[in-house]
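protein_30.cif follows (mmCIF, C-alpha atoms):
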data_my_file
loop_
_atom_site.label_atom_id
_atom_site.label_comp_id
_atom_site.auth_asym_id
_atom_site.auth_seq_id
_atom_site.Cartn_x
_atom_site.Cartn_y
_atom_site.Cartn_z
CA MET A 28 13.03 12.79 -10.47
CA ALA A 29 16.40 17.25 -17.81
CA ARG A 30 19.01 18.96 -19.67
CA ARG A 31 16.81 21.74 -21.04
CA ILE A 32 18.12 25.33 -21.00
CA ILE A 33 21.11 24.81 -18.69
CA VAL A 34 22.59 22.08 -20.89
CA VAL A 35 22.05 24.08 -24.08
CA PHE A 36 23.80 27.00 -22.43
CA LEU A 37 26.73 24.88 -21.33
CA ALA A 38 27.00 23.34 -24.77
CA ALA A 39 27.27 26.83 -26.23
CA LEU A 40 30.27 27.37 -23.97
CA SER A 41 32.02 24.21 -25.10
CA LEU A 42 35.10 26.16 -26.20
CA PHE A 43 35.75 26.83 -22.53
CA GLY A 44 35.59 23.11 -21.70
CA ASN A 45 32.23 22.48 -20.11
CA HIS A 46 33.61 19.42 -18.33
CA ALA A 47 34.87 21.85 -15.69
CA TRP A 48 31.29 22.65 -14.75
CA ALA A 49 30.40 19.07 -13.84
CA VAL A 50 31.09 18.07 -10.26
CA GLU A 51 30.69 14.92 -8.20
CA ARG A 52 27.21 14.66 -6.77
CA GLY A 53 25.36 12.01 -4.82
CA ALA A 54 27.24 8.72 -4.58
CA LEU A 55 28.68 6.40 -7.20
CA PHE A 56 29.65 2.75 -6.73
CA LYS A 57 31.20 0.15 -9.02
CA VAL A 58 29.71 -3.31 -8.53
CA SER A 59 31.56 -6.30 -9.99
CA GLY A 60 30.54 -9.95 -10.13
CA HIS A 61 29.60 -12.82 -12.43
CA GLY A 62 32.24 -11.47 -14.83
CA HIS A 63 30.20 -8.28 -15.33
CA THR A 64 30.16 -4.68 -14.08
CA MET A 65 27.41 -2.35 -12.88
CA MET A 66 27.68 1.33 -11.93
CA LEU A 67 25.31 2.21 -9.07
CA PHE A 68 24.40 5.88 -8.69
CA GLY A 69 22.44 7.66 -5.95
CA THR A 70 19.88 10.13 -7.29
CA ILE A 71 17.50 12.72 -5.92
CA HIS A 72 13.85 12.94 -6.97
CA MET A 73 13.58 16.75 -7.09
CA GLY A 74 16.13 19.01 -8.76
CA LEU A 75 17.56 22.43 -9.44
CA PRO A 76 18.99 23.64 -12.77
CA GLU A 77 22.45 23.93 -11.24
CA PHE A 78 22.52 20.18 -10.56
CA PHE A 79 23.40 19.67 -14.23
CA PRO A 80 25.43 18.58 -16.07
CA LEU A 81 26.21 15.48 -14.03
CA ASP A 82 29.76 14.34 -13.40
CA ASP A 83 31.52 12.74 -16.37
CA SER A 84 31.84 9.48 -14.42
CA VAL A 85 28.05 9.19 -14.42
CA THR A 86 27.38 10.20 -18.02
CA LYS A 87 30.19 7.98 -19.32
CA ALA A 88 28.87 5.05 -17.28
CA LEU A 89 25.45 5.53 -18.84
CA ALA A 90 26.90 5.80 -22.36
CA ALA A 91 28.80 2.53 -21.87
CA SER A 92 25.76 0.64 -20.54
CA THR A 93 23.26 -1.53 -22.36
CA THR A 94 20.63 -1.05 -19.66
CA LEU A 95 19.69 1.59 -17.10
CA ALA A 96 17.75 0.33 -14.07
CA LEU A 97 15.61 2.90 -12.21
CA GLU A 98 13.07 2.60 -9.40
CA ILE A 99 10.49 3.53 -12.05
CA ASP A 100 10.82 5.19 -15.46
CA PRO A 101 9.55 8.72 -14.72
CA THR A 102 9.34 9.55 -18.43
CA VAL A 103 6.57 7.00 -18.94
CA GLN A 104 3.27 8.70 -18.17
CA THR A 105 -0.08 7.25 -19.18
CA ALA A 106 -3.69 8.21 -18.59
CA GLU A 107 -4.20 4.80 -16.97
CA MET A 108 -1.40 5.50 -14.49
CA ALA A 109 -2.82 8.91 -13.58
CA ALA A 110 -6.27 7.39 -13.13
CA ALA A 111 -4.83 4.65 -10.90
CA VAL A 112 -3.08 7.19 -8.69
CA GLN A 113 -6.25 9.23 -8.36
CA ARG A 114 -8.32 6.16 -7.57
CA ILE A 115 -5.92 4.87 -4.94
CA ALA A 116 -5.45 8.28 -3.31
CA LEU A 117 -9.14 9.10 -2.83
CA THR A 118 -10.28 8.68 0.76
CA THR A 119 -13.34 6.94 2.16
CA PRO A 120 -15.84 8.19 4.76
CA ALA A 121 -14.41 5.77 7.32
CA ILE A 122 -10.84 7.00 6.84
CA ALA A 123 -11.93 10.66 6.96
CA ALA A 124 -13.94 10.03 10.12
CA ALA A 125 -10.84 8.55 11.81
CA MET A 126 -8.97 11.87 11.67
CA PRO A 127 -7.93 12.91 15.20
CA PRO A 128 -10.08 15.92 16.17
CA ALA A 129 -7.09 18.13 17.01
CA LEU A 130 -5.53 17.51 13.61
CA GLY A 131 -8.40 18.95 11.57
CA PRO A 132 -7.89 22.67 12.34
CA ARG A 133 -4.11 22.43 11.89
CA LEU A 134 -4.51 20.71 8.53
CA THR A 135 -7.08 23.28 7.41
CA ARG A 136 -4.74 26.15 8.31
CA ARG A 137 -1.86 24.55 6.41
CA LEU A 138 -4.00 23.97 3.30
CA GLU A 139 -5.39 27.52 3.41
CA THR A 140 -1.85 28.91 3.77
CA LEU A 141 -0.95 27.11 0.57
CA GLY A 142 -4.05 28.38 -1.22
CA ALA A 143 -5.46 24.85 -1.41
CA PRO A 144 -9.10 24.10 -0.65
CA ALA A 145 -9.66 22.88 2.89
CA THR A 146 -11.98 20.23 1.44
CA LEU A 147 -8.89 18.28 0.34
CA SER A 148 -8.72 16.92 3.88
CA SER A 149 -11.97 15.05 3.24
CA GLN A 150 -11.10 14.02 -0.33
CA LEU A 151 -7.61 12.52 -0.09
CA LYS A 152 -6.17 9.80 2.10
CA PRO A 153 -3.79 10.98 4.82
CA TRP A 154 -0.71 9.66 3.01
CA MET A 155 -1.66 11.54 -0.17
CA LEU A 156 -2.14 14.72 1.83
CA LEU A 157 1.34 14.14 3.26
CA ILE A 158 2.86 13.74 -0.22
CA THR A 159 1.01 16.83 -1.45
CA LEU A 160 2.16 19.01 1.43
CA THR A 161 5.81 17.95 1.26
CA THR A 162 5.90 18.31 -2.54
CA VAL A 163 4.60 21.86 -2.22
CA GLU A 164 7.27 22.63 0.36
CA TYR A 165 9.97 21.36 -2.00
CA ALA A 166 8.52 23.59 -4.71
CA LYS A 167 8.56 26.60 -2.38
CA LEU A 168 12.28 25.96 -1.84
CA GLY A 169 12.80 25.97 -5.61
CA TYR A 170 13.08 22.23 -6.22
CA ARG A 171 11.36 20.92 -9.35
CA PRO A 172 10.15 17.39 -10.14
CA ASP A 173 10.88 17.89 -13.85
CA LEU A 174 14.56 18.34 -12.89
CA ALA A 175 14.71 15.10 -10.93
CA VAL A 176 17.98 13.29 -11.60
CA ASP A 177 16.09 10.06 -12.36
CA THR A 178 14.15 11.88 -15.07
CA HIS A 179 17.33 13.39 -16.49
CA LEU A 180 19.02 9.99 -16.72
CA ALA A 181 15.93 8.32 -18.20
CA ARG A 182 15.75 10.93 -20.96
CA LEU A 183 19.45 10.54 -21.72
CA ALA A 184 19.06 6.77 -21.86
CA HIS A 185 16.11 6.91 -24.25
CA GLU A 186 17.98 9.35 -26.50
CA ARG A 187 20.98 7.03 -26.62
CA ASN A 188 18.93 3.85 -27.11
CA VAL A 189 19.95 2.50 -23.71
CA LYS A 190 17.22 0.17 -22.48
CA VAL A 191 15.44 1.46 -19.36
CA ILE A 192 13.97 -1.03 -16.89
CA ALA A 193 11.99 -0.41 -13.72
CA LEU A 194 12.84 -2.10 -10.44
CA GLU A 195 9.40 -1.21 -9.04
CA THR A 196 6.03 0.04 -10.24
CA VAL A 197 4.05 3.16 -9.41
CA GLU A 198 1.39 0.91 -7.91
CA SER A 199 3.89 -0.87 -5.66
CA GLN A 200 5.31 2.44 -4.45
CA LEU A 201 1.86 3.83 -3.67
CA ASP A 202 0.96 0.57 -1.96
CA LEU A 203 3.75 1.19 0.55
CA PHE A 204 1.64 4.08 1.81
CA ASP A 205 -1.77 2.59 1.21
CA ARG A 206 -1.07 -0.57 3.22
CA LEU A 207 -0.33 1.45 6.34
CA PRO A 208 -3.02 1.18 9.04
CA VAL A 209 -5.31 4.18 8.96
CA ALA A 210 -4.25 5.26 12.46
CA ASP A 211 -0.60 5.23 11.36
CA GLN A 212 -1.45 7.29 8.28
CA TRP A 213 -2.99 9.99 10.44
CA THR A 214 -0.03 9.86 12.86
CA LEU A 215 2.38 10.28 9.94
CA LEU A 216 0.42 13.30 8.72
CA ASP A 217 0.30 14.73 12.25
CA GLU A 218 4.07 14.38 12.67
CA THR A 219 4.69 15.82 9.21
CA LEU A 220 2.55 18.88 9.99
CA ALA A 221 4.43 19.40 13.24
CA SER A 222 7.73 19.10 11.38
CA LEU A 223 6.62 21.56 8.69
CA ASP A 224 5.32 24.03 11.28
CA SER A 225 8.62 23.94 13.21
CA GLY A 226 10.75 24.22 10.08
CA GLU A 227 12.46 20.88 10.77
CA ALA A 228 11.09 19.29 7.60
CA GLN A 229 12.32 22.13 5.41
CA GLN A 230 15.75 21.97 7.05
CA GLU A 231 15.98 18.23 6.36
CA MET A 232 14.91 18.76 2.73
CA VAL A 233 17.75 21.23 2.29
CA SER A 234 20.20 18.95 4.14
CA VAL A 235 19.42 16.00 1.86
CA THR A 236 19.64 18.00 -1.35
CA LYS A 237 22.80 19.83 -0.28
CA GLY A 238 24.36 16.55 0.81
CA TRP A 239 23.57 15.08 -2.60
CA ALA A 240 24.78 18.17 -4.49
CA LYS A 241 28.15 18.11 -2.71
CA ALA A 242 28.51 14.32 -2.37
CA ASP A 243 28.84 15.08 1.35
CA HIS A 244 28.70 11.54 2.72
CA ALA A 245 29.44 12.55 6.30
CA ALA A 246 26.36 14.79 6.35
CA LEU A 247 24.22 12.14 4.66
CA ASP A 248 25.41 9.39 7.01
CA ALA A 249 24.55 11.62 9.96
CA LEU A 250 21.07 12.17 8.55
CA ALA A 251 20.57 8.44 8.01
CA LEU A 252 21.66 7.77 11.60
CA LYS A 253 19.22 10.39 12.81
CA TYR A 254 16.34 8.62 11.05
CA GLU A 255 17.45 5.25 12.47
CA GLN A 256 17.52 6.57 16.04
CA ASP A 257 14.46 8.84 15.84
CA PRO A 258 11.62 7.18 17.81
CA ARG A 259 8.86 8.98 15.89
CA LEU A 260 6.67 6.76 13.74
CA SER A 261 7.46 8.78 10.60
CA SER A 262 11.20 8.12 10.91
CA GLN A 263 10.73 4.46 11.79
CA ILE A 264 8.43 3.86 8.82
CA LEU A 265 10.83 5.74 6.53
CA GLN A 266 13.70 3.54 7.66
CA ARG A 267 11.84 0.24 7.77
CA ARG A 268 9.17 0.28 5.06
CA PHE A 269 10.46 2.80 2.53
CA LEU A 270 14.14 1.84 2.68
CA SER A 271 15.02 -1.47 4.35
CA GLU A 272 12.05 -3.49 3.07
CA ARG A 273 12.54 -2.23 -0.49
CA ASN A 274 16.31 -2.66 -0.55
CA GLY A 275 16.17 -6.46 -0.32
CA PRO A 276 14.08 -6.97 -3.48
CA MET A 277 16.03 -4.22 -5.25
CA ALA A 278 19.32 -5.94 -4.44
CA ASP A 279 17.97 -9.23 -5.82
CA LYS A 280 16.93 -7.58 -9.08
CA LEU A 281 20.24 -5.75 -9.45
CA ASP A 282 22.12 -8.99 -8.87
CA GLY A 283 19.99 -10.64 -11.55
CA LEU A 284 20.68 -7.80 -13.97
CA LEU A 285 24.41 -8.06 -13.27
CA ARG A 286 24.29 -11.77 -14.05
CA ARG A 287 22.52 -11.21 -17.37
CA GLU A 288 24.31 -8.21 -18.86
CA HIS A 289 27.97 -7.30 -19.15
CA GLN A 290 27.88 -3.53 -18.56
CA THR A 291 24.91 -1.88 -16.88
CA MET A 292 23.96 1.07 -14.72
CA ALA A 293 21.46 1.47 -11.89
CA ALA A 294 20.25 4.74 -10.42
CA VAL A 295 18.08 4.84 -7.29
CA GLY A 296 17.29 7.34 -4.56
CA LEU A 297 20.41 8.26 -2.62
CA MET A 298 18.98 7.18 0.74
CA HIS A 299 18.96 3.58 -0.55
CA LEU A 300 22.76 3.71 -0.71
CA ILE A 301 23.50 4.90 2.81
CA GLY A 302 22.66 3.90 6.35
CA LYS A 303 21.41 0.61 7.71
CA ASP A 304 20.73 -2.24 5.25
CA SER A 305 21.91 -0.16 2.28
CA LEU A 306 22.05 -1.58 -1.23
CA PRO A 307 25.89 -1.61 -1.27
CA ALA A 308 25.89 -3.61 1.98
CA LEU A 309 23.32 -6.09 0.65
CA LEU A 310 25.19 -6.52 -2.64
CA ARG A 311 28.44 -7.17 -0.74
CA ALA A 312 26.60 -9.78 1.31
CA LYS A 313 25.81 -11.57 -1.96
CA GLY A 314 29.55 -11.92 -2.59
CA LEU A 315 29.78 -9.08 -5.10
CA LYS A 316 32.66 -6.62 -5.09
CA VAL A 317 31.39 -3.11 -4.33
CA GLU A 318 33.80 -0.18 -4.61
CA GLN A 319 32.85 3.42 -3.86
CA VAL A 320 33.99 5.70 -6.68
CA TYR A 321 32.92 8.78 -4.69
#
Output the file's structure as structure tokens, nothing else.
Amino acid sequence: MARRIIVVFLAALSLFGNHAWAVERGALFKVSGHGHTMMLFGTIHMGLPEFFPLDDSVTKALAASTTLALEIDPTVQTAEMAAAVQRIALTTPAIAAAMPPALGPRLTRRLETLGAPATLSSQLKPWMLLITLTTVEYAKLGYRPDLAVDTHLARLAHERNVKVIALETVESQLDLFDRLPVADQWTLLDETLASLDSGEAQQEMVSVTKGWAKADHAALDALALKYEQDPRLSSQILQRRFLSERNGPMADKLDGLLRREHQTMAAVGLMHLIGKDSLPALLRAKGLKVEQVY
């Protein structure tokens, strides 16, 4: 979602061959077409120090590339962007009034447990409350946004003068939530609270990150299938709106990048590379050769 101390430490141990510390993580594909090559890597948006350094296949692919394509460039932060997020996330009296009565006390208890003011429930839209609660749970499990793999790759690219391009914008990503009907937003929050209270959400967080850390594709495929078959609105929206509907435009942009430049790299959230309507499947459908490296 940074090399920092762990990379400095490993560099100090270079006499022992720090390449032995790097292991295969996530998923890596080689995409060929139009006489050009692209390496496609699955990332995770929250990280742990032990996730680094990345496998040599990934770092070498980045070093050999002229361009790195990410969902967004997480190293680019502006006051305007922060103001836009705050503006979009603030609720309205009509949205707050639509909260199901039974949800209010449960949400208040969860916020108080986290040490957050209960008034947040009347200040933020339901989808922003959802993001806030799940981000806090990731943090409680030790995962850090500053150690997101996307952020790590973006910093490496900027240091090496590799051009970084964004496949999406912060506004377009937030709009995925904001365009949801208000009733659906409250249902999503309700289901998320139930999942957090039962421990299911935390278990899935760990399953995704462990699957990425070990490049355990069987576990990740099983998780993707679970989302596809889960009748709950939260799983259906995750599969349809946040993955399938985004993968089509992403595949078009990656195909365009492959046409324009000889050697490139793309890094997107791992869930875009597995399951139904994945990016590798869509790129193959365009006639491109897609080989899984690991």
(request) Compare A:Gly53, A:Pro80, A:Gly60, A:Pro101 by their minimum atom-to-atom distance to Lys313 of chain A, counting all atoms listed in the file, and give me the closest one. (result) A:Gly60
(request) Enumerate, as a ChimeraX atom specification, the residues matched when the PyMOL selection byres ((chain A and resi 93) around 8) is run on the file above. (result) /A:91-92,94-95,189-190,288,290-291
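Shortest atom-to-atom contact with Glu255 of chain A among A:Lys87, A:His289, A:Arg267, A:Lys152: A:Arg267, counting all atoms listed in the file.
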(request) Return the single residue from A:Thr105, A:Thr140, A:Gln113, A:Gln212 that is closest to Pro153 of chain A, with distances computed using only C-alpha atoms. (result)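 Nearest candidate to Pro153 of chain A out of A:Thr105, A:Thr140, A:Gln113, A:Gln212: A:Gln212.
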(request) Measuring atom to atom with only C-alpha atoms, identify which of A:Leu138, A:Ala166, A:Ala181, A:Ile122 is nearest to Val103 of chain A. (result)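 Closest residue, counting only C-alpha atoms: A:Ala181.
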Hey, can I get the axis-aligned box for segment 107-114 of chain A? All listed atoms, 6 Å padding on each side, centre and edge lengths in Å to one decimal, as lines of an AutoDock Vina configuration file.
center_x = -4.9
center_y = 6.9
center_z = -12.3
size_x = 18.9
size_y = 16.6
size_z = 21.4
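The result of the PyMOL selection byres ((chain A and resi 302) around 7) on the shown file is Asp248, Ala251, Leu252, Ile301, Lys303, Asp304 and Ser305 of chain A.
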(request) Would you mind reading off the distance between atom CA of Ala221 of chain A and atom CA of Arg133 of chain A, one decimal, in Å? (result) 9.2 Å
(message) Once the PyMOL selection byres ((chain A and resi 203-206) around 10) is applied to the coordinates I shared, what remains selected? I want it as a ChimeraX atom specification.
(response) /A:115-116,152-155,158,198-202,207-209,211-212,264,268-269,272-273
(request) Choose the residue, out of A:Val163, A:Val176, A:Leu310, A:Leu81, that has the smallest atom-to-atom separation from Leu297 of chain A; count all atoms listed in the file. (result)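 The closest residue to Leu297 of chain A is A:Val176.
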Generate the missing atoms of segment 292-310 of chain A up to N, CA and C atoms and report them as a CSV table (one decimal), in the coordinates of the input.
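The file below, selection-v7.csv, is the result:
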chain,number,residue,atom,x,y,z
A,292,MET,N,24.0,0.0,-15.7
A,292,MET,CA,24.0,1.1,-14.7
A,292,MET,C,22.6,1.0,-14.0
A,293,ALA,N,22.7,1.3,-12.7
A,293,ALA,CA,21.5,1.5,-11.9
A,293,ALA,C,21.5,2.8,-11.2
A,294,ALA,N,20.4,3.4,-11.1
A,294,ALA,CA,20.2,4.7,-10.4
A,294,ALA,C,19.0,4.7,-9.5
A,295,VAL,N,19.2,4.9,-8.2
A,295,VAL,CA,18.1,4.8,-7.3
A,295,VAL,C,18.3,6.0,-6.3
A,296,GLY,N,17.2,6.3,-5.5
A,296,GLY,CA,17.3,7.3,-4.6
A,296,GLY,C,18.5,7.2,-3.6
A,297,LEU,N,19.2,8.3,-3.4
A,297,LEU,CA,20.4,8.3,-2.6
A,297,LEU,C,20.3,7.6,-1.3
A,298,MET,N,19.1,7.7,-0.6
A,298,MET,CA,19.0,7.2,0.7
A,298,MET,C,19.0,5.6,0.7
A,299,HIS,N,18.8,5.0,-0.5
A,299,HIS,CA,19.0,3.6,-0.6
A,299,HIS,C,20.4,3.1,-0.5
A,300,LEU,N,21.3,4.1,-0.6
A,300,LEU,CA,22.8,3.7,-0.7
A,300,LEU,C,23.5,4.0,0.6
A,301,ILE,N,22.8,4.6,1.6
A,301,ILE,CA,23.5,4.9,2.8
A,301,ILE,C,22.7,4.3,4.0
A,302,GLY,N,23.4,4.3,5.1
A,302,GLY,CA,22.7,3.9,6.4
A,302,GLY,C,22.5,2.4,6.5
A,303,LYS,N,21.6,2.0,7.4
A,303,LYS,CA,21.4,0.6,7.7
A,303,LYS,C,20.8,-0.2,6.5
A,304,ASP,N,21.3,-1.4,6.3
A,304,ASP,CA,20.7,-2.2,5.2
A,304,ASP,C,20.7,-1.6,3.9
A,305,SER,N,21.8,-0.8,3.6
A,305,SER,CA,21.9,-0.2,2.3
A,305,SER,C,22.1,-1.2,1.1
A,306,LEU,N,21.8,-0.7,-0.1
A,306,LEU,CA,22.0,-1.6,-1.2
A,306,LEU,C,23.5,-2.0,-1.4
A,307,PRO,N,24.5,-1.1,-1.2
A,307,PRO,CA,25.9,-1.6,-1.3
A,307,PRO,C,26.2,-2.7,-0.3
A,308,ALA,N,25.7,-2.6,1.0
A,308,ALA,CA,25.9,-3.6,2.0
A,308,ALA,C,25.2,-4.9,1.6
A,309,LEU,N,24.0,-4.9,1.0
A,309,LEU,CA,23.3,-6.1,0.6
A,309,LEU,C,24.0,-6.8,-0.5
A,310,LEU,N,24.5,-6.0,-1.5
A,310,LEU,CA,25.2,-6.5,-2.6
A,310,LEU,C,26.5,-7.2,-2.2
